[in-house]
$ cat data_22.pdb   # PDB, C-alpha atoms
ATOM      1  CA  MET A 134      31.551 -18.712  91.640
ATOM      2  CA  ARG A 135      29.482 -15.652  90.753
ATOM      3  CA  VAL A 136      30.280 -14.483  87.236
ATOM      4  CA  ALA A 137      29.276 -11.517  85.077
ATOM      5  CA  LEU A 138      29.629 -11.929  81.309
ATOM      6  CA  ILE A 139      29.897  -8.782  79.186
ATOM      7  CA  THR A 140      30.025  -9.042  75.402
ATOM      8  CA  GLY A 141      31.321  -6.209  73.244
ATOM      9  CA  ALA A 142      33.376  -5.084  76.225
ATOM     10  CA  SER A 143      36.332  -3.605  74.339
ATOM     11  CA  SER A 144      34.949  -0.077  73.883
ATOM     12  CA  GLY A 145      32.112   2.369  74.480
ATOM     13  CA  LEU A 146      29.112   1.235  76.469
ATOM     14  CA  GLY A 147      30.511  -2.253  77.056
ATOM     15  CA  TRP A 148      33.691  -0.803  78.568
ATOM     16  CA  LYS A 149      31.736   1.505  80.860
ATOM     17  CA  LEU A 150      29.423  -1.311  81.951
ATOM     18  CA  ALA A 151      32.457  -3.424  82.843
ATOM     19  CA  GLU A 152      33.810  -0.603  85.017
ATOM     20  CA  LEU A 153      30.467  -0.225  86.802
ATOM     21  CA  VAL A 154      30.071  -3.965  87.327
ATOM     22  CA  ASP A 155      33.571  -4.020  88.801
ATOM     23  CA  ARG A 156      32.696  -1.272  91.290
ATOM     24  CA  GLN A 157      29.076  -2.020  92.083
ATOM     25  CA  GLU A 158      28.451  -5.751  91.719
ATOM     26  CA  LYS A 159      29.904  -8.428  93.989
ATOM     27  CA  MET A 160      31.337 -10.825  91.414
ATOM     28  CA  ASP A 161      34.065 -13.415  91.748
ATOM     29  CA  GLU A 162      34.985 -12.977  88.086
ATOM     30  CA  ILE A 163      34.050 -10.789  85.150
ATOM     31  CA  TRP A 164      34.214 -12.505  81.769
ATOM     32  CA  LEU A 165      35.001 -10.015  79.007
ATOM     33  CA  LEU A 166      34.104 -11.159  75.500
ATOM     34  CA  ALA A 167      35.200  -9.207  72.420
ATOM     35  CA  ARG A 168      37.460  -9.839  69.447
ATOM     36  CA  ARG A 169      40.156  -7.256  70.304
ATOM     37  CA  GLU A 170      42.324  -8.947  72.923
ATOM     38  CA  GLY A 171      44.597  -5.930  73.357
ATOM     39  CA  ARG A 172      41.688  -3.700  74.290
ATOM     40  CA  LEU A 173      40.385  -6.323  76.716
ATOM     41  CA  ARG A 174      43.797  -6.399  78.418
ATOM     42  CA  ASP A 175      43.709  -2.613  78.715
ATOM     43  CA  LEU A 176      40.277  -2.831  80.326
ATOM     44  CA  GLU A 177      41.336  -5.630  82.645
ATOM     45  CA  GLY A 178      44.232  -3.499  83.885
ATOM     46  CA  GLY A 179      41.838  -0.933  85.298
ATOM     47  CA  LEU A 180      39.532  -3.371  87.103
ATOM     48  CA  THR A 181      39.895  -4.860  90.569
ATOM     49  CA  THR A 182      37.666  -7.903  90.043
ATOM     50  CA  PRO A 183      39.505 -10.883  88.516
ATOM     51  CA  CYS A 184      38.771 -11.077  84.794
ATOM     52  CA  ARG A 185      38.712 -13.834  82.241
ATOM     53  CA  LEU A 186      39.397 -12.613  78.720
ATOM     54  CA  LEU A 187      37.462 -14.243  75.901
ATOM     55  CA  PRO A 188      38.958 -12.741  72.692
ATOM     56  CA  TRP A 189      36.412 -14.272  70.340
ATOM     57  CA  ASP A 190      34.647 -12.937  67.250
ATOM     58  CA  MET A 191      30.910 -13.299  67.796
ATOM     59  CA  SER A 192      30.211 -12.899  64.093
ATOM     60  CA  GLY A 193      31.976 -16.228  63.521
ATOM     61  CA  GLU A 194      31.009 -19.810  64.253
ATOM     62  CA  GLU A 195      33.409 -20.985  66.959
ATOM     63  CA  TRP A 196      32.699 -18.659  69.871
ATOM     64  CA  ALA A 197      29.381 -20.239  70.895
ATOM     65  CA  GLY A 198      30.894 -23.702  71.248
ATOM     66  CA  LYS A 199      33.818 -22.282  73.214
ATOM     67  CA  LEU A 200      31.474 -20.464  75.594
ATOM     68  CA  LYS A 201      29.340 -23.557  76.130
ATOM     69  CA  ASP A 202      32.412 -25.698  76.780
ATOM     70  CA  LEU A 203      33.713 -23.146  79.285
ATOM     71  CA  LEU A 204      30.414 -23.062  81.146
ATOM     72  CA  ASP A 205      30.138 -26.855  81.189
ATOM     73  CA  LYS A 206      33.647 -27.053  82.648
ATOM     74  CA  GLU A 207      33.439 -24.249  85.235
ATOM     75  CA  ARG A 208      29.729 -24.583  86.207
ATOM     76  CA  PRO A 209      29.581 -20.947  87.417
ATOM     77  CA  ASP A 210      26.626 -19.050  88.787
ATOM     78  CA  MET A 211      25.968 -16.697  85.868
ATOM     79  CA  ALA A 212      24.690 -13.861  88.000
ATOM     80  CA  LEU A 213      24.744 -11.216  85.256
ATOM     81  CA  VAL A 214      24.853 -11.453  81.462
ATOM     82  CA  ILE A 215      25.191  -8.223  79.493
ATOM     83  CA  ASN A 216      24.725  -8.655  75.749
ATOM     84  CA  ASN A 217      26.262  -5.495  74.347
ATOM     85  CA  ALA A 218      28.051  -6.691  71.178
ATOM     86  CA  GLY A 219      26.547  -5.212  68.020
ATOM     87  CA  ILE A 220      27.107  -3.048  64.971
ATOM     88  CA  GLY A 221      25.097  -0.820  62.660
ATOM     89  CA  LYS A 222      25.212   0.311  59.073
ATOM     90  CA  ALA A 223      23.635   3.347  57.479
ATOM     91  CA  GLY A 224      22.477   3.491  53.893
ATOM     92  CA  ALA A 225      19.814   2.197  51.533
ATOM     93  CA  PHE A 226      19.375  -1.541  51.962
ATOM     94  CA  GLU A 227      20.132  -2.390  48.327
ATOM     95  CA  ASP A 228      23.430  -0.499  48.521
ATOM     96  CA  LEU A 229      24.740  -2.338  51.569
ATOM     97  CA  ASP A 230      27.487  -4.917  51.287
ATOM     98  CA  GLY A 231      26.166  -8.448  51.722
ATOM     99  CA  GLY A 232      28.988  -9.396  54.052
ATOM    100  CA  HIS A 233      28.261  -6.476  56.338
ATOM    101  CA  ILE A 234      24.573  -7.414  56.423
ATOM    102  CA  GLN A 235      25.501 -10.931  57.503
ATOM    103  CA  THR A 236      27.839  -9.634  60.205
ATOM    104  CA  LEU A 237      25.170  -7.273  61.545
ATOM    105  CA  LEU A 238      22.606 -10.052  61.760
ATOM    106  CA  ASP A 239      25.141 -12.411  63.340
ATOM    107  CA  LEU A 240      26.104  -9.926  66.051
ATOM    108  CA  ASN A 241      22.876  -8.076  66.766
ATOM    109  CA  ILE A 242      20.507 -11.048  66.622
ATOM    110  CA  ARG A 243      22.244 -14.414  66.441
ATOM    111  CA  GLY A 244      25.038 -13.623  68.885
ATOM    112  CA  LEU A 245      22.766 -12.081  71.495
ATOM    113  CA  THR A 246      20.267 -14.920  71.236
ATOM    114  CA  LEU A 247      22.848 -17.702  71.448
ATOM    115  CA  SER A 248      24.711 -16.038  74.317
ATOM    116  CA  THR A 249      21.469 -15.843  76.267
ATOM    117  CA  HIS A 250      20.496 -19.427  75.452
ATOM    118  CA  ILE A 251      23.917 -20.796  76.424
ATOM    119  CA  CYS A 252      24.074 -18.896  79.730
ATOM    120  CA  LEU A 253      20.477 -19.279  80.897
ATOM    121  CA  PRO A 254      20.829 -22.847  82.256
ATOM    122  CA  PHE A 255      23.584 -21.559  84.559
ATOM    123  CA  MET A 256      21.473 -18.742  85.995
ATOM    124  CA  GLY A 257      19.635 -19.041  89.290
ATOM    125  CA  GLN A 258      17.430 -16.975  91.554
ATOM    126  CA  GLY A 259      18.380 -13.321  91.195
ATOM    127  CA  GLY A 260      20.089 -13.798  87.832
ATOM    128  CA  ARG A 261      19.924 -10.844  85.463
ATOM    129  CA  ILE A 262      20.209 -10.434  81.709
ATOM    130  CA  VAL A 263      20.774  -6.998  80.171
ATOM    131  CA  ASN A 264      20.289  -6.753  76.408
ATOM    132  CA  ILE A 265      21.391  -3.577  74.653
ATOM    133  CA  ALA A 266      18.766  -2.508  72.117
ATOM    134  CA  SER A 267      18.250   1.091  70.957
ATOM    135  CA  VAL A 268      15.677   3.836  70.635
ATOM    136  CA  ALA A 269      15.652   2.640  67.004
ATOM    137  CA  ALA A 270      13.779  -0.440  68.257
ATOM    138  CA  PHE A 271      10.563   1.556  68.576
ATOM    139  CA  LEU A 272      10.171   2.579  64.931
ATOM    140  CA  PRO A 273      11.218   1.487  61.442
ATOM    141  CA  GLN A 274      13.893   3.797  60.066
ATOM    142  CA  PRO A 275      14.584   3.993  56.329
ATOM    143  CA  GLY A 276      18.308   4.246  55.821
ATOM    144  CA  LEU A 277      18.800   2.189  58.969
ATOM    145  CA  GLY A 278      16.395  -0.557  58.018
ATOM    146  CA  ILE A 279      18.166  -3.720  59.155
ATOM    147  CA  TYR A 280      19.741  -2.039  62.180
ATOM    148  CA  SER A 281      16.423  -0.772  63.538
ATOM    149  CA  ALA A 282      14.769  -4.109  62.714
ATOM    150  CA  SER A 283      17.497  -5.980  64.580
ATOM    151  CA  LYS A 284      16.994  -3.794  67.635
ATOM    152  CA  SER A 285      13.230  -4.323  67.429
ATOM    153  CA  TYR A 286      14.015  -8.021  67.642
ATOM    154  CA  VAL A 287      16.159  -7.457  70.728
ATOM    155  CA  LEU A 288      13.382  -5.496  72.429
ATOM    156  CA  SER A 289      10.635  -7.988  71.590
ATOM    157  CA  PHE A 290      12.745 -11.016  72.482
ATOM    158  CA  SER A 291      13.875  -9.473  75.766
ATOM    159  CA  ARG A 292      10.383  -8.585  76.935
ATOM    160  CA  ALA A 293       9.014 -12.020  76.055
ATOM    161  CA  LEU A 294      11.907 -13.796  77.781
ATOM    162  CA  HIS A 295      11.474 -11.580  80.849
ATOM    163  CA  ARG A 296       7.987 -13.003  81.244
ATOM    164  CA  GLU A 297       9.149 -16.569  80.694
ATOM    165  CA  VAL A 298      11.954 -16.605  83.246
ATOM    166  CA  ARG A 299      10.627 -14.400  86.021
ATOM    167  CA  LYS A 300       9.086 -17.474  87.685
ATOM    168  CA  ARG A 301      12.707 -18.575  88.201
ATOM    169  CA  GLY A 302      13.565 -15.222  89.768
ATOM    170  CA  ILE A 303      15.486 -14.068  86.683
ATOM    171  CA  SER A 304      14.980 -10.686  85.022
ATOM    172  CA  VAL A 305      15.675  -9.506  81.477
ATOM    173  CA  THR A 306      16.144  -5.784  80.828
ATOM    174  CA  ALA A 307      16.139  -4.256  77.345
ATOM    175  CA  VAL A 308      18.158  -1.037  77.208
ATOM    176  CA  CYS A 309      16.993   1.497  74.603
ATOM    177  CA  PRO A 310      19.360   4.484  74.557
ATOM    178  CA  ASN A 311      19.472   7.417  72.230
ATOM    179  CA  PRO A 312      22.640   7.615  70.090
ATOM    180  CA  MET A 313      25.852   7.929  72.088
ATOM    181  CA  MET A 314      29.155   9.341  70.856
ATOM    182  CA  THR A 315      31.201   6.132  70.794
ATOM    183  CA  GLU A 316      33.214   4.157  68.232
ATOM    184  CA  PHE A 317      29.852   2.938  66.945
ATOM    185  CA  PHE A 318      29.482   6.040  64.763
ATOM    186  CA  ASP A 319      32.911   5.577  63.232
ATOM    187  CA  LEU A 320      32.221   1.953  62.319
ATOM    188  CA  SER A 321      28.655   2.379  61.087
ATOM    189  CA  GLY A 322      29.375   4.276  57.903
ATOM    190  CA  GLY A 323      27.142   7.202  58.583
ATOM    191  CA  ILE A 324      24.932   6.605  61.607
ATOM    192  CA  GLY A 325      25.176   9.854  63.482
ATOM    193  CA  PRO A 326      23.227  12.574  65.261
ATOM    194  CA  THR A 327      20.984  13.624  62.370
ATOM    195  CA  GLY A 328      17.262  14.320  62.192
ATOM    196  CA  LEU A 329      15.546  13.569  65.489
ATOM    197  CA  LYS A 330      18.872  12.340  66.812
ATOM    198  CA  ARG A 331      20.008  15.970  66.941
ATOM    199  CA  LEU A 332      17.491  16.551  69.735
ATOM    200  CA  GLY A 333      19.744  14.815  72.199
ATOM    201  CA  LEU A 334      22.702  12.507  72.465
ATOM    202  CA  ASP A 335      22.756  10.136  75.399
ATOM    203  CA  SER A 336      25.612   9.973  77.881
ATOM    204  CA  VAL A 337      27.434   6.626  77.951
ATOM    205  CA  ASP A 338      27.926   6.961  81.711
ATOM    206  CA  ARG A 339      24.257   7.694  82.326
ATOM    207  CA  VAL A 340      22.982   4.934  80.029
ATOM    208  CA  ALA A 341      25.251   2.358  81.669
ATOM    209  CA  GLN A 342      24.357   3.368  85.203
ATOM    210  CA  LYS A 343      20.622   3.424  84.585
ATOM    211  CA  ALA A 344      20.775   0.073  82.787
ATOM    212  CA  LEU A 345      22.289  -1.568  85.857
ATOM    213  CA  ASP A 346      19.931   0.261  88.206
ATOM    214  CA  ARG A 347      16.873  -0.880  86.255
ATOM    215  CA  SER A 348      18.249  -4.391  86.034
ATOM    216  CA  ARG A 349      18.778  -4.576  89.801
ATOM    217  CA  ARG A 350      15.145  -3.524  90.240
ATOM    218  CA  GLY A 351      13.989  -6.310  87.944
ATOM    219  CA  LYS A 352      12.578  -3.965  85.276
ATOM    220  CA  ASP A 353      12.159  -5.105  81.680
ATOM    221  CA  LEU A 354      12.998  -1.755  80.040
ATOM    222  CA  SER A 355      15.584   0.978  80.517
ATOM    223  CA  ILE A 356      15.211   4.351  78.747
ATOM    224  CA  THR A 357      17.409   7.302  79.616
ATOM    225  CA  HIS A 358      16.954  10.333  77.384
ATOM    226  CA  PRO A 359      13.668  12.335  77.405
ATOM    227  CA  THR A 360      13.367  12.200  73.616
ATOM    228  CA  ALA A 361      13.462   8.406  73.765
ATOM    229  CA  TYR A 362      10.368   8.507  75.986
ATOM    230  CA  VAL A 363       8.694  10.792  73.442
ATOM    231  CA  ILE A 364       9.586   8.530  70.521
ATOM    232  CA  ARG A 365       8.311   5.468  72.384
ATOM    233  CA  PHE A 366       5.051   7.241  73.249
ATOM    234  CA  PHE A 367       4.291   8.327  69.688
ATOM    235  CA  SER A 368       5.306   4.948  68.283
ATOM    236  CA  LYS A 369       2.523   3.404  70.368
ATOM    237  CA  ILE A 370      -0.281   5.804  69.454
ATOM    238  CA  LEU A 371       0.424   6.828  65.843
ATOM    239  CA  PRO A 372       0.283   4.675  62.695
ATOM    240  CA  HIS A 373       3.776   3.819  61.533
ATOM    241  CA  SER A 374       2.933   5.073  58.041
ATOM    242  CA  PHE A 375       2.354   8.524  59.514
ATOM    243  CA  VAL A 376       5.505   8.309  61.629
ATOM    244  CA  LEU A 377       7.545   7.351  58.563
ATOM    245  CA  TRP A 378       6.213  10.426  56.778
ATOM    246  CA  LEU A 379       7.231  12.585  59.750
ATOM    247  CA  GLU A 380      10.655  10.989  59.820
ATOM    248  CA  GLY A 381      11.155  12.082  56.221
ATOM    249  CA  LEU A 382      10.179  15.646  57.072
ATOM    250  CA  MET A 383      12.530  15.719  60.048
ATOM    251  CA  GLY A 384      15.563  14.480  58.182
ATOM    252  CA  PHE A 385      15.755  10.812  59.090
ATOM    253  CA  TYR A 386      16.052   9.874  55.409
TER
END
$ encode --input "data_22.pdb" --output "structure tokens"
Amino acid sequence: MRVALITGASSGLGWKLAELVDRQEKMDEIWLLARREGRLRDLEGGLTTPCRLLPWDMSGEEWAGKLKDLLDKERPDMALVINNAGIGKAGAFEDLDGGHIQTLLDLNIRGLTLSTHICLPFMGQGGRIVNIASVAAFLPQPGLGIYSASKSYVLSFSRALHREVRKRGISVTAVCPNPMMTEFFDLSGGIGPTGLKRLGLDSVDRVAQKALDRSRRGKDLSITHPTAYVIRFFSKILPHSFVLWLEGLMGFY
């Protein structure tokens, strides 16, 4: 049984990726993991591929054991794993709520890492992992310190794992979009199209499509918006101290 797992599937990019997987990938089942069961049922209603709803909170402790038990029982071919679940929070680090910090780290880092580790033994030749990072992964961003750091982790981890598992015919693609107008802005407490972000919002449809296209080609990185290419280029050639100074001038913080 060929299965695609999509975390954070109840809205935004995760929802769009589920629709594209339904139309473009030949799966026996799509497993949709997110805490809002009602939204998952709404999504399921618009898909033709049979779905399994996993209404679990990935910031908690129980979901990982449930996923492992399910995999041990079903023994599927995990053909595609899309780790999309994540949150952000804007503001000075010392002003952030400790509980929100913990939730961010649990979703953006711990959840993604455990999901990958649990699914990897069930992946074979041609298996694909898609990890949603961000353009914020390329540079430190005051005012978005732990968010950008968490996405830097996703990028670094994904590229290292890509090298480790390619001998098994498995690819890992890190997706680094510009900001997109999704529920993410509403829940982040202030992350929005400011500073350099004003230069261009990414399209959810375009980010999702290119992510799958790059994944099918076995690439380790997916960037969509032209300004993301520019940011990545300058992050590689300029000292970060200088970039941080420029960020201040351009309204990042």
$ residues_around --input "data_22.pdb" --residues "range 149-163 of chain A" --least-positions-apart "2" --cutoff "9 Å" --atoms "only C-alpha atoms" --output "MDAnalysis selection string"
chainID A and resid 134:139 142 144:147 165 176 179:186 212 215 337:338 341:342 344:345
$ closest_residue --input "data_22.pdb" --among "A:Val298, A:Ile303, A:Leu354, A:Ile262" --to "Thr249 in chain A" --atoms "only C-alpha atoms"
A:Ile262
$ atom_distance --input "data_22.pdb" --atom1 "CA of Arg261 in chain A" --atom2 "CA of Ser285 in chain A"
20.3 Å
$ resolve_selection --input "data_22.pdb" --expression "the PyMOL selection byres ((chain A and resi 359) around 12)" --output "ChimeraX atom specification"
/A:268,309-311,330,332-335,355-358,360-366
$ residues_around --input "data_22.pdb" --residues "His295 in chain A" --least-positions-apart "5" --cutoff "10 Å" --atoms "only C-alpha atoms" --output "PDB file with C-alpha atoms, in the frame of the given file"
ATOM      1  CA  ARG A 261      19.924 -10.844  85.463  1.00  0.00           C
ATOM      2  CA  ILE A 262      20.209 -10.434  81.709  1.00  0.00           C
ATOM      3  CA  SER A 289      10.635  -7.988  71.590  1.00  0.00           C
ATOM      4  CA  PHE A 290      12.745 -11.016  72.482  1.00  0.00           C
ATOM      5  CA  LYS A 300       9.086 -17.474  87.685  1.00  0.00           C
ATOM      6  CA  GLY A 302      13.565 -15.222  89.768  1.00  0.00           C
ATOM      7  CA  ILE A 303      15.486 -14.068  86.683  1.00  0.00           C
ATOM      8  CA  SER A 304      14.980 -10.686  85.022  1.00  0.00           C
ATOM      9  CA  VAL A 305      15.675  -9.506  81.477  1.00  0.00           C
ATOM     10  CA  THR A 306      16.144  -5.784  80.828  1.00  0.00           C
ATOM     11  CA  ALA A 307      16.139  -4.256  77.345  1.00  0.00           C
ATOM     12  CA  GLY A 351      13.989  -6.310  87.944  1.00  0.00           C
ATOM     13  CA  LYS A 352      12.578  -3.965  85.276  1.00  0.00           C
ATOM     14  CA  ASP A 353      12.159  -5.105  81.680  1.00  0.00           C
ATOM     15  CA  LEU A 354      12.998  -1.755  80.040  1.00  0.00           C
TER      16      LEU A 354
END
$ closest_residue --input "data_22.pdb" --among "A:Val214, A:Val340, A:Met191, A:Leu288" --to "His250 in chain A" --atoms "only C-alpha atoms"
A:Val214
$ resolve_selection --input "data_22.pdb" --expression "the PyMOL selection byres ((chain A and resi 286) around 12)" --output "PyMOL selection string"
chain A and resi 238+241-243+245-246+264-267+269-273+279-285+287-294+307
$ residues_around --input "data_22.pdb" --residues "Arg301 in chain A" --least-positions-apart "6" --cutoff "10 Å" --atoms "all atoms listed in the file" --output "ChimeraX atom specification"
/A:256-260
$ atom_distance --input "data_22.pdb" --atom1 "CA of Leu377 in chain A" --atom2 "CA of Pro275 in chain A"
8.1 Å
$ residues_around --input "data_22.pdb" --residues "range 234-237 of chain A" --least-positions-apart "4" --cutoff "7 Å" --atoms "only C-alpha atoms" --output "list in words"
Ser192, Gly219, Ile220, Gly221, Asp230 and Asn241 of chain A
$ write_last_selection --input "data_22.pdb" --atoms "C-alpha atoms" --output "PDB file, keeping the file's coordinate frame"
ATOM      1  CA  SER A 192      30.211 -12.899  64.093  1.00  0.00           C
ATOM      2  CA  GLY A 219      26.547  -5.212  68.020  1.00  0.00           C
ATOM      3  CA  ILE A 220      27.107  -3.048  64.971  1.00  0.00           C
ATOM      4  CA  GLY A 221      25.097  -0.820  62.660  1.00  0.00           C
ATOM      5  CA  ASP A 230      27.487  -4.917  51.287  1.00  0.00           C
ATOM      6  CA  ASN A 241      22.876  -8.076  66.766  1.00  0.00           C
TER       7      ASN A 241
END
$ residues_around --input "data_22.pdb" --residues "Gly171 in chain A" --least-positions-apart "5" --cutoff "10 Å" --atoms "only C-alpha atoms" --output "JSON, numbers by chain"
{"A": [143, 176, 177, 188]}
$ atom_distance --input "data_22.pdb" --atom1 "CA of Trp196 in chain A" --atom2 "CA of Leu253 in chain A"
16.5 Å
$ closest_residue --input "data_22.pdb" --among "A:Arg299, A:Glu195, A:Glu207, A:Gly141" --to "Arg169 in chain A" --atoms "only C-alpha atoms"
A:Gly141
$ build_atoms --input "data_22.pdb" --residues "range 253-262 of chain A" --atoms "all heavy atoms" --output "mmCIF file, in the coordinates of the input"
data_model
loop_
_atom_site.group_PDB
_atom_site.id
_atom_site.type_symbol
_atom_site.label_atom_id
_atom_site.label_comp_id
_atom_site.auth_asym_id
_atom_site.auth_seq_id
_atom_site.Cartn_x
_atom_site.Cartn_y
_atom_site.Cartn_z
ATOM 1 N N LEU A 253 21.690 -19.188 80.085
ATOM 2 C CA LEU A 253 20.477 -19.279 80.897
ATOM 3 C C LEU A 253 20.439 -20.512 81.798
ATOM 4 O O LEU A 253 20.022 -20.405 82.968
ATOM 5 C CB LEU A 253 19.251 -19.230 79.989
ATOM 6 C CG LEU A 253 17.901 -18.941 80.642
ATOM 7 C CD1 LEU A 253 17.952 -17.668 81.477
ATOM 8 C CD2 LEU A 253 16.823 -18.829 79.576
ATOM 9 N N PRO A 254 20.861 -21.692 81.346
ATOM 10 C CA PRO A 254 20.829 -22.847 82.256
ATOM 11 C C PRO A 254 21.723 -22.698 83.482
ATOM 12 O O PRO A 254 21.563 -23.446 84.459
ATOM 13 C CB PRO A 254 21.318 -23.999 81.364
ATOM 14 C CG PRO A 254 21.029 -23.569 79.975
ATOM 15 C CD PRO A 254 21.242 -22.087 79.979
ATOM 16 N N PHE A 255 22.661 -21.764 83.444
ATOM 17 C CA PHE A 255 23.584 -21.559 84.559
ATOM 18 C C PHE A 255 23.183 -20.371 85.430
ATOM 19 O O PHE A 255 23.955 -19.937 86.281
ATOM 20 C CB PHE A 255 25.005 -21.366 84.023
ATOM 21 C CG PHE A 255 25.526 -22.555 83.274
ATOM 22 C CD1 PHE A 255 25.292 -22.691 81.915
ATOM 23 C CD2 PHE A 255 26.217 -23.561 83.936
ATOM 24 C CE1 PHE A 255 25.758 -23.803 81.219
ATOM 25 C CE2 PHE A 255 26.681 -24.673 83.257
ATOM 26 C CZ PHE A 255 26.446 -24.804 81.899
ATOM 27 N N MET A 256 21.977 -19.866 85.213
ATOM 28 C CA MET A 256 21.473 -18.742 85.995
ATOM 29 C C MET A 256 20.470 -19.242 87.018
ATOM 30 O O MET A 256 19.642 -20.107 86.741
ATOM 31 C CB MET A 256 20.816 -17.688 85.092
ATOM 32 C CG MET A 256 21.727 -17.150 84.010
ATOM 33 S SD MET A 256 21.037 -15.735 83.121
ATOM 34 C CE MET A 256 21.395 -14.413 84.278
ATOM 35 N N GLY A 257 20.557 -18.681 88.228
ATOM 36 C CA GLY A 257 19.635 -19.041 89.290
ATOM 37 C C GLY A 257 18.844 -17.856 89.786
ATOM 38 O O GLY A 257 18.799 -16.804 89.134
ATOM 39 N N GLN A 258 18.218 -18.033 90.939
ATOM 40 C CA GLN A 258 17.430 -16.975 91.554
ATOM 41 C C GLN A 258 18.251 -15.695 91.643
ATOM 42 O O GLN A 258 19.392 -15.710 92.122
ATOM 43 C CB GLN A 258 17.002 -17.404 92.955
ATOM 44 C CG GLN A 258 16.172 -16.397 93.713
ATOM 45 C CD GLN A 258 14.708 -16.431 93.321
ATOM 46 O OE1 GLN A 258 14.223 -17.427 92.796
ATOM 47 N NE2 GLN A 258 13.998 -15.338 93.580
ATOM 48 N N GLY A 259 17.695 -14.606 91.169
ATOM 49 C CA GLY A 259 18.380 -13.321 91.195
ATOM 50 C C GLY A 259 19.244 -13.047 89.981
ATOM 51 O O GLY A 259 19.838 -11.969 89.884
ATOM 52 N N GLY A 260 19.316 -14.000 89.055
ATOM 53 C CA GLY A 260 20.089 -13.798 87.832
ATOM 54 C C GLY A 260 19.493 -12.690 86.983
ATOM 55 O O GLY A 260 18.286 -12.466 86.971
ATOM 56 N N ARG A 261 20.368 -11.994 86.258
ATOM 57 C CA ARG A 261 19.924 -10.844 85.463
ATOM 58 C C ARG A 261 20.559 -10.884 84.085
ATOM 59 O O ARG A 261 21.747 -11.182 83.946
ATOM 60 C CB ARG A 261 20.311 -9.539 86.164
ATOM 61 C CG ARG A 261 19.596 -9.297 87.467
ATOM 62 C CD ARG A 261 20.487 -8.612 88.482
ATOM 63 N NE ARG A 261 21.028 -7.365 87.973
ATOM 64 C CZ ARG A 261 22.127 -6.792 88.455
ATOM 65 N NH1 ARG A 261 22.814 -7.361 89.431
ATOM 66 N NH2 ARG A 261 22.555 -5.652 87.937
ATOM 67 N N ILE A 262 19.748 -10.565 83.088
ATOM 68 C CA ILE A 262 20.209 -10.434 81.709
ATOM 69 C C ILE A 262 19.926 -9.004 81.271
ATOM 70 O O ILE A 262 18.819 -8.491 81.471
ATOM 71 C CB ILE A 262 19.490 -11.424 80.783
ATOM 72 C CG1 ILE A 262 19.763 -12.867 81.214
ATOM 73 C CG2 ILE A 262 19.914 -11.220 79.321
ATOM 74 C CD1 ILE A 262 18.896 -13.894 80.508
#
